[in-house]
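Notes follow once the structure below has been shown.
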Amino acid sequence: MNKYLKYSLVLIVISSIGFAIYFFPIKSDNHLENLHQKEVYTCSMHPQIIRDKPGNCPICGMTLIKKITESQAEEDNSIDNLLKPTDNFIVGNYQTTTAKDTTLSSEVDLPGIVSYDPNSSVNIAARISGRIEKMYVNYKYQKVAKGQKLFDLYSPELLTEQQNFIYLVSNDSDNTSIIKASKQKLLLYGMTKNQINSLSSSKKVNPQVSIYSPASGIIQGTEKMDNTSNSTMQSTSNNTEILNIKEGNYIKKGEVVFKLVNTDKVWGIFNVSQGYNSLIKTNQAIKIATELDKNEFMDAKINFIETQFNPADKSNRIRVYLNNIKLKFPIGLRLQGIVKTNSVQGVWLQKQALVSIGNKRIVFIKKNNGFKATAIKAGIEIDDFIQIISGISVEDTIAKNAQYLIDSESFIKTE
């Protein structure tokens, strides 16, 4: 056999898009024998022991390990080591393109959802210790109006204060300062002015006091309810979830009985994918559509950008405050936000001119009568272009479609 045929084999591939010549190196038997002879084994405890095949140390009996010689190649993660020499340089005639140093802008689509604004929530707490005699609100997410009766509370402490107030009104009516202080104490215990006036005129104590809602909203839950239920807020079965505070339960002074959330002001929360974070700014305009009508948009501004990064979906969130008095967006409604990004200056290349192989991205640069594979570092993507950080310049001629230059069986090292 001719000595040149021992080292290379030529394969010519002709297709409708061009032709390519691949050179396959063939290693000689002598070369394989030299590699085998360089494999030696030694003992980690007794390095003076040298053997040409695996076994056990004659001194301590430990298993011999392969010794790394200077002639053996070290592991290399460079592009030259990742690609086989057969395709590191491809001879062929393919369409080409170049990177462009220009400014690009685009519209970024952001998925979102309507959520409660916790700043508008109200805690309804017990102002005095006692026993709940009757409940008028029994379910989570039940809607209540301002001034609506929530529950009746029996309190021995309140009974004593009512008796003191009646005694002062009946026997010391001229002592207005003391009567005023006693009335103020009843107000602090949760009685209304009408209830106190009725107590003053009837002179009859009422050991029960009715607690009314100080605002309109939706019952979100109680202090003892599991917070994990918020994640399933959209579940139909949870819309009738029973509150864990029931008639006959004793509550302590200061204990939160209800958490009331206001739906007149809500948040629109949108996810920003990794890579677009730097393009989103506070007070930037955003157009919002809902899943109810995807063709009708409303204009708003980004009010807040959360700094916490979500490692699960590689995103962080932005908030848009929405006045929901007229909009009437239900909580959990899906939103679609569109943000027009600011212009970004850089070197841009069409996406089809590069290909991803594992943790690397490569392009094929035109060299004489062929193309050479080169690793690049890429940045953000805008429309059909991707930002080039390093690896090529605007002066390089690049294969327009990198996929055409890849031979799936011989392009990447698998061993």
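Every chain in the structure tokens takes a letter, A first, then B, and so on in the order presented; its residues are numbered from 1, and the ligands are numbered from 1 following the presented order.
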
Find the residues near range 361-366 of chain A: any atom within 6 Å, counting only C-alpha atoms, skip ones fewer than 4 places away on the same chain, and give them as a ChimeraX atom specification.
/A:354-356,370-376,397-399

Could you save those same residues with C-alpha atoms as a PDB file, in the first residue's frame?
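This is the output file result.pdb:
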```
ATOM      1  CA  LEU A 354     -23.873  29.833  13.993  1.00  0.00           C
ATOM      2  CA  VAL A 355     -24.517  26.468  15.569  1.00  0.00           C
ATOM      3  CA  SER A 356     -24.464  25.316  19.189  1.00  0.00           C
ATOM      4  CA  GLY A 370     -12.775  26.409   2.393  1.00  0.00           C
ATOM      5  CA  PHE A 371     -14.180  27.190   5.839  1.00  0.00           C
ATOM      6  CA  LYS A 372     -12.590  26.881   9.275  1.00  0.00           C
ATOM      7  CA  ALA A 373     -14.637  26.259  12.441  1.00  0.00           C
ATOM      8  CA  THR A 374     -14.181  29.000  15.059  1.00  0.00           C
ATOM      9  CA  ALA A 375     -15.690  29.342  18.537  1.00  0.00           C
ATOM     10  CA  ILE A 376     -17.448  32.591  19.397  1.00  0.00           C
ATOM     11  CA  THR A 397     -16.651  36.201   5.852  1.00  0.00           C
ATOM     12  CA  ILE A 398     -18.926  33.628   7.476  1.00  0.00           C
ATOM     13  CA  ALA A 399     -20.837  30.653   6.073  1.00  0.00           C
TER      14      ALA A 399
END
```

With a distance cut-off of 8 Å and only C-alpha atoms, select the neighbouring residues of Asn138 in chain A, excluding the residue or stretch itself and same-chain residues fewer than 5 positions from it, and output the selection as a count of residues only.
3

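When DSSP is run on the backbone, the residues of range 321-356 of chain A that fall into alpha helix (DSSP H) are Asn324, Ile325, Lys326 and Leu327 of chain A.
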
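The interatomic distance for the pair CA of Asn401 in chain A and CA of Ser105 in chain A works out to 23.6 Å.
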
Need to verify the contact set: Glu161 in chain A, 9 Å, only C-alpha atoms, exclusion of same-chain residues closer than 4 positions in sequence. Can you return it as a PyMOL selection string?
chain A and resi 156-157+165-166+182+185-186

Selection to disk with C-alpha atoms, as an mmCIF file, in the first residue's frame:
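Result file is selection_37.cif:
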```cif
data_model
loop_
_atom_site.group_PDB
_atom_site.id
_atom_site.type_symbol
_atom_site.label_atom_id
_atom_site.label_comp_id
_atom_site.auth_asym_id
_atom_site.auth_seq_id
_atom_site.Cartn_x
_atom_site.Cartn_y
_atom_site.Cartn_z
ATOM 1 C CA PRO A 156 -66.520 39.280 79.736
ATOM 2 C CA GLU A 157 -64.030 42.165 79.689
ATOM 3 C CA PHE A 165 -69.978 53.206 81.397
ATOM 4 C CA ILE A 166 -73.651 52.814 82.410
ATOM 5 C CA SER A 182 -64.940 55.422 79.209
ATOM 6 C CA LYS A 185 -62.296 52.804 75.747
ATOM 7 C CA LEU A 186 -65.433 51.166 74.352
#
```

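Between CA of Ile128 in chain A and CA of Asn249 in chain A lies a distance of 13.7 Å.
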
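Atom to atom, CA of Pro54 in chain A and CA of Val40 in chain A stand 8.3 Å apart.
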
Could you give me, as number ranges by chain, the residues within 8 Å of range 251-266 of chain A, counting only C-alpha atoms and dropping anything in the same chain fewer than 5 positions from it?
A: 114-118, 120-132, 216-223, 245, 321-325, 328

Going by DSSP on the backbone, which residues of range 266-308 of chain A come out as strand (DSSP E)? List them as a list in words.
Val266, Trp267, Gly268, Ile269, Phe270, Asn271, Val272, Ser273, Ala285, Ile286, Lys287, Ile288, Ala289, Thr290, Asp293, Lys294, Asn295, Glu296, Phe297, Met298, Asp299, Ala300, Lys301, Phe304 and Ile305 of chain A

Quick one: write out the picked residues with C-alpha atoms as a CSV table (one decimal), in the first residue's frame?
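Final file, result_0.csv:
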```
chain,number,residue,atom,x,y,z
A,266,VAL,CA,-53.7,45.1,41.6
A,267,TRP,CA,-50.3,44.1,40.3
A,268,GLY,CA,-49.5,43.0,36.8
A,269,ILE,CA,-46.5,40.7,37.3
A,270,PHE,CA,-44.4,39.8,34.2
A,271,ASN,CA,-41.4,37.4,33.8
A,272,VAL,CA,-38.3,38.7,32.0
A,273,SER,CA,-36.1,36.0,30.5
A,285,ALA,CA,-43.7,52.0,28.6
A,286,ILE,CA,-45.4,48.7,28.3
A,287,LYS,CA,-48.5,47.6,26.3
A,288,ILE,CA,-50.7,45.1,28.0
A,289,ALA,CA,-53.3,42.7,26.6
A,290,THR,CA,-55.3,40.0,28.4
A,293,ASP,CA,-59.1,40.0,24.3
A,294,LYS,CA,-55.6,39.7,22.9
A,295,ASN,CA,-56.2,42.5,20.3
A,296,GLU,CA,-57.1,45.2,22.8
A,297,PHE,CA,-54.1,46.8,24.5
A,298,MET,CA,-53.8,49.3,27.3
A,299,ASP,CA,-50.8,51.5,28.0
A,300,ALA,CA,-48.9,51.4,31.3
A,301,LYS,CA,-45.5,51.9,32.8
A,304,PHE,CA,-40.7,48.1,39.8
A,305,ILE,CA,-38.1,45.6,38.7
```

Polymer residues at most 7 Å from Gln208 in chain A, only C-alpha atoms, same-chain spacing of 2 or more positions, as a compact mmCIF listing (two decimals) with N, CA, C and O atoms, in the first residue's frame:
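Result written to selection-v1.txt:
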```txt
# COMPACT_ATOMS: atom_id res chain seq x y z
N ASP A 152 -70.00 38.15 65.53
CA ASP A 152 -70.39 38.63 66.86
C ASP A 152 -69.43 38.04 67.88
O ASP A 152 -69.13 36.84 67.85
N LEU A 153 -68.98 38.88 68.80
CA LEU A 153 -67.98 38.46 69.79
C LEU A 153 -68.54 38.65 71.20
O LEU A 153 -69.06 39.71 71.55
N TYR A 154 -68.45 37.59 72.03
CA TYR A 154 -68.80 37.70 73.45
C TYR A 154 -67.51 37.86 74.24
O TYR A 154 -66.56 37.10 74.11
N SER A 155 -67.50 38.91 75.12
CA SER A 155 -66.30 39.19 75.90
C SER A 155 -66.69 39.61 77.32
O SER A 155 -67.39 40.62 77.50
N ASN A 206 -74.87 44.75 76.82
CA ASN A 206 -74.92 43.71 75.79
C ASN A 206 -73.55 43.03 75.75
O ASN A 206 -72.57 43.64 75.30
N SER A 210 -70.86 43.30 67.81
CA SER A 210 -70.73 42.94 66.39
C SER A 210 -69.55 43.68 65.78
O SER A 210 -69.39 44.89 65.97
```

Tell me which protein, DNA and RNA residues are within 9 Å of range 55-65 of chain A, counting only C-alpha atoms, leaving out same-chain ones fewer than 4 positions away, and put them as an MDAnalysis selection string.
chainID A and resid 40:46 49:51
